[in-house]
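Worksheet for the structure shown next.
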Amino acid sequence: MRSIACISLLLFLLLFLAIPGATAQNGEEVFTFLRYPFSARAGALGGNNVSVVEQDPSLVFHNPALAGAELGGMVNLNYMNFISDIHLGSALYIRALGENGAWGVGANFIRYGNFKQTTPEKVTEGEFSVEDVSLNVFYAHDLSERWRGGIALKFLYAWLESYTSLGLAADAGLSYYDPEKEFSVGIALKHAGAQLKAYYDKRQRLPWDIQVGFSQRAAHAPFRFSLTAMYLNTWDFSYVDPNSPAYTGDTFFRTFIKHFVFGVDFIPSENFWLGMGFNPKTQADMKLQSGNGLGGFSAGGGIRIKTFDLGVSVARYHPSALSLMLSLSAAL
């Protein structure tokens with residue numbers, strides 16, 4: 001219990017220290033691909049979830065405390081066709097460490113496609129690619145019958161034509177699960193670190209975040225409801241809109257609701273699930289005068305066949321296309 005109290009106090013102190021300095025984001029961030037979902041189940045539930053407890057290794061990318069001995073020997077592969085020729089992917093392997101612990105290794109990447117390289121005179125000299133990669137190490141340990149703590153260390157590398165960047169980040173998380181009430185809570189400090197080597201001469205900050213969420217299964221129905229609070233280190237998301245001079249910022253309610261993600265999944269058995277979610281911030285960011293009513297919504301499902309779990313999710317992160325994610329897990 002002393003370990004639980006110390007970790008909880010540390011997380012809340014970090015949150016308390018972050019709030020006074022919280023300001024609007026100005027785009028000066030690097031390795032922002034870390035914010036995208038690398039789990040079909042999390043993608044279906046709105047793109048962010050730190051509390052769902054399932055036999056799904058990919059959820060470890062969202063909260064390292066969701067790893068455990070019960071996932072030992074499992075591998076997971078994810079792939080997302082994001083927008084146009086932008087692709088994301090990940091791979092993960094988890095191994096049990098005794099009865100109360102687990103460790104794992106994984107990798108995430110995003111490829112932004114190929115770009116034409118031209119001179120100031122608009123003469124094409126060739127093409128170049130842009131990619132970001134994260135190599136991860138995970139560790140989780142049971143603190144008690146219901147509490148678990150986890151950490152992740154991330155080695156970050158990116159290249160843009162002849163320019164490269166290096167970074168180091170860490171995640172820390174807590175997970176609480178009551179199997180009798182089927183109630184769970186997750187707390188995660190994500191992507192805390194620094195850019196060690198800048199692309200040119202100015203280092204940028206990492207997209208660090210504090211997230212808290214809970215999931216509760218209905219007492220007499222196969223439904224589970226999830227609520228995730230994110231960006232707890234930042235309050236204001238106002239921006240300058242040159243196409244709408246009348247826009248002077250968000251109201252208190254609109255700013256408040258952008259910090260939450262809502263999700264619900266239907267779980268009639270251990271071998272099948274359906275889920276859907278809503279992310280108000282994504283909807284607001286992708287809003288168009290002509291509509292885009294599906295912006296911010298996501299849905300997905302999964303099925304288990306023997307030792308294989310297959311999941312799929314779709315979401316509209318951009319008005320121009322639906323993003324499709326596939327996830328495959330297997331017990332070796």
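By order of appearance in the structure tokens: chains A, B, ..., then residues from 1 within every chain, and ligands from 1 in the order shown.
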
Legend entry - Residues of region 177-268 of chain A in helix (DSSP H, G or I), written as a list in words: Phe252, Phe253, Arg254, Thr255, Phe256 and Ile257 of chain A

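The list of residues with at least one atom within 7 Å of Ala172 (chain A), based on only C-alpha atoms and without residues fewer than 3 positions apart in the same chain, reads Pro64, Gly150, Ile151, Ala152, Ala188, Leu189 and Lys190 of chain A.
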
Sorted per-residue table, region 290-328 of chain A near region 261-277 of chain A, closest atoms and distance, 7 Å, only C-alpha atoms, as a tab-separated table:
residue	atom	partner	partner_atom	distance
A:Phe297	CA	A:Gly277	CA	5.8
A:Ser298	CA	A:Gly277	CA	5.2
A:Ala299	CA	A:Met276	CA	4.0
A:Gly300	CA	A:Gly275	CA	5.3
A:Gly301	CA	A:Leu274	CA	4.1
A:Gly302	CA	A:Trp273	CA	5.3
A:Ile303	CA	A:Phe272	CA	4.5
A:Arg304	CA	A:Asn271	CA	4.6

Per residue of region 6-115 of chain A within 9 Å of region 136-141 of chain A, note the shortest atom pair and the distance in Å to one decimal, counting only C-alpha atoms, and order the rows by chain and increasing residue number, as CSV.
residue,atom,partner,partner_atom,distance
A:Val60,CA,A:Phe138,CA,8.3
A:Pro64,CA,A:Phe138,CA,6.5
A:Ala65,CA,A:Ala140,CA,5.6
A:Leu66,CA,A:Ala140,CA,7.7
A:Ala67,CA,A:Ala140,CA,5.8
A:Gly68,CA,A:Ala140,CA,6.2
A:Ala69,CA,A:His141,CA,8.6
A:Leu92,CA,A:Asn136,CA,8.8
A:Ile94,CA,A:Phe138,CA,8.4
A:Leu97,CA,A:His141,CA,8.7
A:Asn100,CA,A:His141,CA,5.7
A:Gly101,CA,A:His141,CA,4.2
A:Ala102,CA,A:Ala140,CA,5.4
A:Trp103,CA,A:Tyr139,CA,4.3
A:Gly104,CA,A:Phe138,CA,4.8
A:Val105,CA,A:Val137,CA,4.7
A:Gly106,CA,A:Asn136,CA,5.0
A:Ala107,CA,A:Asn136,CA,5.7
A:Asn108,CA,A:Asn136,CA,8.1

Legend entry - 7 Å contact set for region 49-57 of chain A, only C-alpha atoms, chain neighbours under 4 positions out, as a ChimeraX atom specification: /A:42,62-63,66-67,71,76,175,184-188,212-215,228

Inset, instruction - Do a neighbour search on Phe61 (chain A) at 8 Å with only C-alpha atoms, toss out local chain neighbours closer than 3 positions, and write the hits as a PyMOL selection string. - result: chain A and resi 38-39+58+64

Legend entry - Contact residues around region 309-317 of chain A with only C-alpha atoms at 8 Å, ignoring same-chain residues under 4 positions, as a list in words: Ala40, Arg41, Gly43, Ala44, Thr282, Met286, Leu294, Gly295, Gly296, Phe297, Ser298, Ala299, Gly300, Gly301, Gly302, Ile303, Arg304, Ile305, Ala321, Leu322, Ser323, Leu324, Met325, Leu326, Ser327, Leu328, Ser329 and Ala330 of chain A

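The shortest atom-to-atom distance to His87 (chain A), with only C-alpha atoms taken into account, belongs to A:Tyr36 out of A:Tyr36, A:Phe115, A:Phe252, A:Phe31.
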
What's the 8 Å shell around region 194-207 of chain A, counting only C-alpha atoms, without same-chain residues fewer than 3 positions away, as a PDB file with C-alpha atoms, in the first residue's frame?
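Heads up, here's the output in selection_11.pdb:
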ATOM      1  CA  GLU A  28       6.012  23.630 -31.456  1.00  0.00           C
ATOM      2  CA  GLU A  29       5.945  19.906 -30.728  1.00  0.00           C
ATOM      3  CA  VAL A  30       7.836  16.981 -32.169  1.00  0.00           C
ATOM      4  CA  PHE A  31       7.022  13.239 -32.347  1.00  0.00           C
ATOM      5  CA  THR A  32       3.304  14.068 -32.239  1.00  0.00           C
ATOM      6  CA  LEU A  34       2.708   9.287 -30.252  1.00  0.00           C
ATOM      7  CA  ARG A  35      -0.792  10.702 -29.715  1.00  0.00           C
ATOM      8  CA  TYR A 163      17.660  16.089 -41.267  1.00  0.00           C
ATOM      9  CA  THR A 164      17.330  13.774 -38.270  1.00  0.00           C
ATOM     10  CA  SER A 165      16.047  14.061 -34.730  1.00  0.00           C
ATOM     11  CA  LEU A 166      16.501  12.006 -31.555  1.00  0.00           C
ATOM     12  CA  GLY A 167      14.403  11.936 -28.410  1.00  0.00           C
ATOM     13  CA  LEU A 168      13.844  10.083 -25.165  1.00  0.00           C
ATOM     14  CA  ALA A 169      10.477   9.758 -23.419  1.00  0.00           C
ATOM     15  CA  HIS A 191       5.398  10.975 -23.424  1.00  0.00           C
TER      16      HIS A 191
END

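The space separating CA of Phe260 (chain A) from CA of Ser84 (chain A) comes to 27.6 Å.
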
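Across A:Asp178, A:Trp159, A:Phe225, A:Gln283, the tightest approach to Trp147 (chain A) is made by A:Asp178 when counting only C-alpha atoms.
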
Inset, instruction - Please identify which residues in region 280-316 of chain A DSSP calls strand (DSSP E or B) from the backbone, and express them as a ChimeraX atom specification. - result: /A:288,291,297-305,308-316

Now that the selection is made, can you save its residues with N, CA, C and O atoms as an mmCIF file, in the first residue's frame?
data_model
loop_
_atom_site.group_PDB
_atom_site.id
_atom_site.type_symbol
_atom_site.label_atom_id
_atom_site.label_comp_id
_atom_site.auth_asym_id
_atom_site.auth_seq_id
_atom_site.Cartn_x
_atom_site.Cartn_y
_atom_site.Cartn_z
ATOM 1 N N LEU A 288 -16.093 21.446 -40.511
ATOM 2 C CA LEU A 288 -16.170 22.198 -41.749
ATOM 3 C C LEU A 288 -17.515 22.923 -41.825
ATOM 4 O O LEU A 288 -18.504 22.489 -41.233
ATOM 5 N N GLY A 291 -20.162 20.677 -43.174
ATOM 6 C CA GLY A 291 -20.612 19.507 -42.425
ATOM 7 C C GLY A 291 -19.508 18.749 -41.737
ATOM 8 O O GLY A 291 -18.937 19.221 -40.776
ATOM 9 N N PHE A 297 -16.140 10.712 -34.444
ATOM 10 C CA PHE A 297 -16.764 9.424 -34.132
ATOM 11 C C PHE A 297 -15.882 8.275 -34.614
ATOM 12 O O PHE A 297 -15.176 8.393 -35.607
ATOM 13 N N SER A 298 -15.964 7.163 -33.903
ATOM 14 C CA SER A 298 -15.196 5.972 -34.268
ATOM 15 C C SER A 298 -16.003 4.735 -33.893
ATOM 16 O O SER A 298 -16.911 4.792 -33.056
ATOM 17 N N ALA A 299 -15.669 3.615 -34.512
ATOM 18 C CA ALA A 299 -16.358 2.361 -34.232
ATOM 19 C C ALA A 299 -15.433 1.207 -34.592
ATOM 20 O O ALA A 299 -14.454 1.371 -35.323
ATOM 21 N N GLY A 300 -15.732 0.033 -34.075
ATOM 22 C CA GLY A 300 -14.902 -1.124 -34.375
ATOM 23 C C GLY A 300 -15.445 -2.382 -33.732
ATOM 24 O O GLY A 300 -16.495 -2.371 -33.077
ATOM 25 N N GLY A 301 -14.727 -3.465 -33.936
ATOM 26 C CA GLY A 301 -15.129 -4.737 -33.371
ATOM 27 C C GLY A 301 -13.984 -5.724 -33.416
ATOM 28 O O GLY A 301 -12.940 -5.481 -34.041
ATOM 29 N N GLY A 302 -14.174 -6.835 -32.738
ATOM 30 C CA GLY A 302 -13.131 -7.844 -32.707
ATOM 31 C C GLY A 302 -13.693 -9.226 -32.468
ATOM 32 O O GLY A 302 -14.810 -9.390 -31.954
ATOM 33 N N ILE A 303 -12.920 -10.231 -32.851
ATOM 34 C CA ILE A 303 -13.334 -11.620 -32.701
ATOM 35 C C ILE A 303 -12.111 -12.459 -32.321
ATOM 36 O O ILE A 303 -10.990 -12.173 -32.757
ATOM 37 N N ARG A 304 -12.344 -13.463 -31.498
ATOM 38 C CA ARG A 304 -11.273 -14.370 -31.078
ATOM 39 C C ARG A 304 -11.511 -15.737 -31.695
ATOM 40 O O ARG A 304 -12.600 -16.311 -31.569
ATOM 41 N N ILE A 305 -10.497 -16.252 -32.373
ATOM 42 C CA ILE A 305 -10.548 -17.575 -32.988
ATOM 43 C C ILE A 305 -9.371 -18.381 -32.452
ATOM 44 O O ILE A 305 -8.218 -18.125 -32.825
ATOM 45 N N PHE A 308 -6.014 -16.638 -31.601
ATOM 46 C CA PHE A 308 -5.838 -15.396 -32.355
ATOM 47 C C PHE A 308 -6.978 -14.427 -32.062
ATOM 48 O O PHE A 308 -8.138 -14.828 -31.957
ATOM 49 N N ASP A 309 -6.614 -13.152 -31.931
ATOM 50 C CA ASP A 309 -7.591 -12.083 -31.765
ATOM 51 C C ASP A 309 -7.422 -11.103 -32.918
ATOM 52 O O ASP A 309 -6.326 -10.571 -33.135
ATOM 53 N N LEU A 310 -8.511 -10.864 -33.627
ATOM 54 C CA LEU A 310 -8.502 -9.927 -34.739
ATOM 55 C C LEU A 310 -9.426 -8.774 -34.423
ATOM 56 O O LEU A 310 -10.592 -8.977 -34.066
ATOM 57 N N GLY A 311 -8.904 -7.543 -34.541
ATOM 58 C CA GLY A 311 -9.699 -6.357 -34.281
ATOM 59 C C GLY A 311 -9.601 -5.377 -35.429
ATOM 60 O O GLY A 311 -8.605 -5.346 -36.161
ATOM 61 N N VAL A 312 -10.637 -4.567 -35.603
ATOM 62 C CA VAL A 312 -10.665 -3.550 -36.645
ATOM 63 C C VAL A 312 -11.402 -2.330 -36.114
ATOM 64 O O VAL A 312 -12.339 -2.458 -35.313
ATOM 65 N N SER A 313 -10.963 -1.157 -36.510
ATOM 66 C CA SER A 313 -11.653 0.071 -36.129
ATOM 67 C C SER A 313 -11.560 1.074 -37.268
ATOM 68 O O SER A 313 -10.617 1.049 -38.064
ATOM 69 N N VAL A 314 -12.555 1.930 -37.342
ATOM 70 C CA VAL A 314 -12.586 3.006 -38.328
ATOM 71 C C VAL A 314 -12.888 4.308 -37.603
ATOM 72 O O VAL A 314 -13.636 4.333 -36.616
ATOM 73 N N ALA A 315 -12.297 5.388 -38.074
ATOM 74 C CA ALA A 315 -12.512 6.699 -37.468
ATOM 75 C C ALA A 315 -12.284 7.771 -38.520
ATOM 76 O O ALA A 315 -11.548 7.562 -39.490
ATOM 77 N N ARG A 316 -12.930 8.907 -38.320
ATOM 78 C CA ARG A 316 -12.720 10.030 -39.221
ATOM 79 C C ARG A 316 -11.877 11.077 -38.481
ATOM 80 O O ARG A 316 -12.397 11.962 -37.802
#

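In this model, the gap between CA of Asn48 (chain A) and CA of Ser320 (chain A) comes to 21.6 Å.
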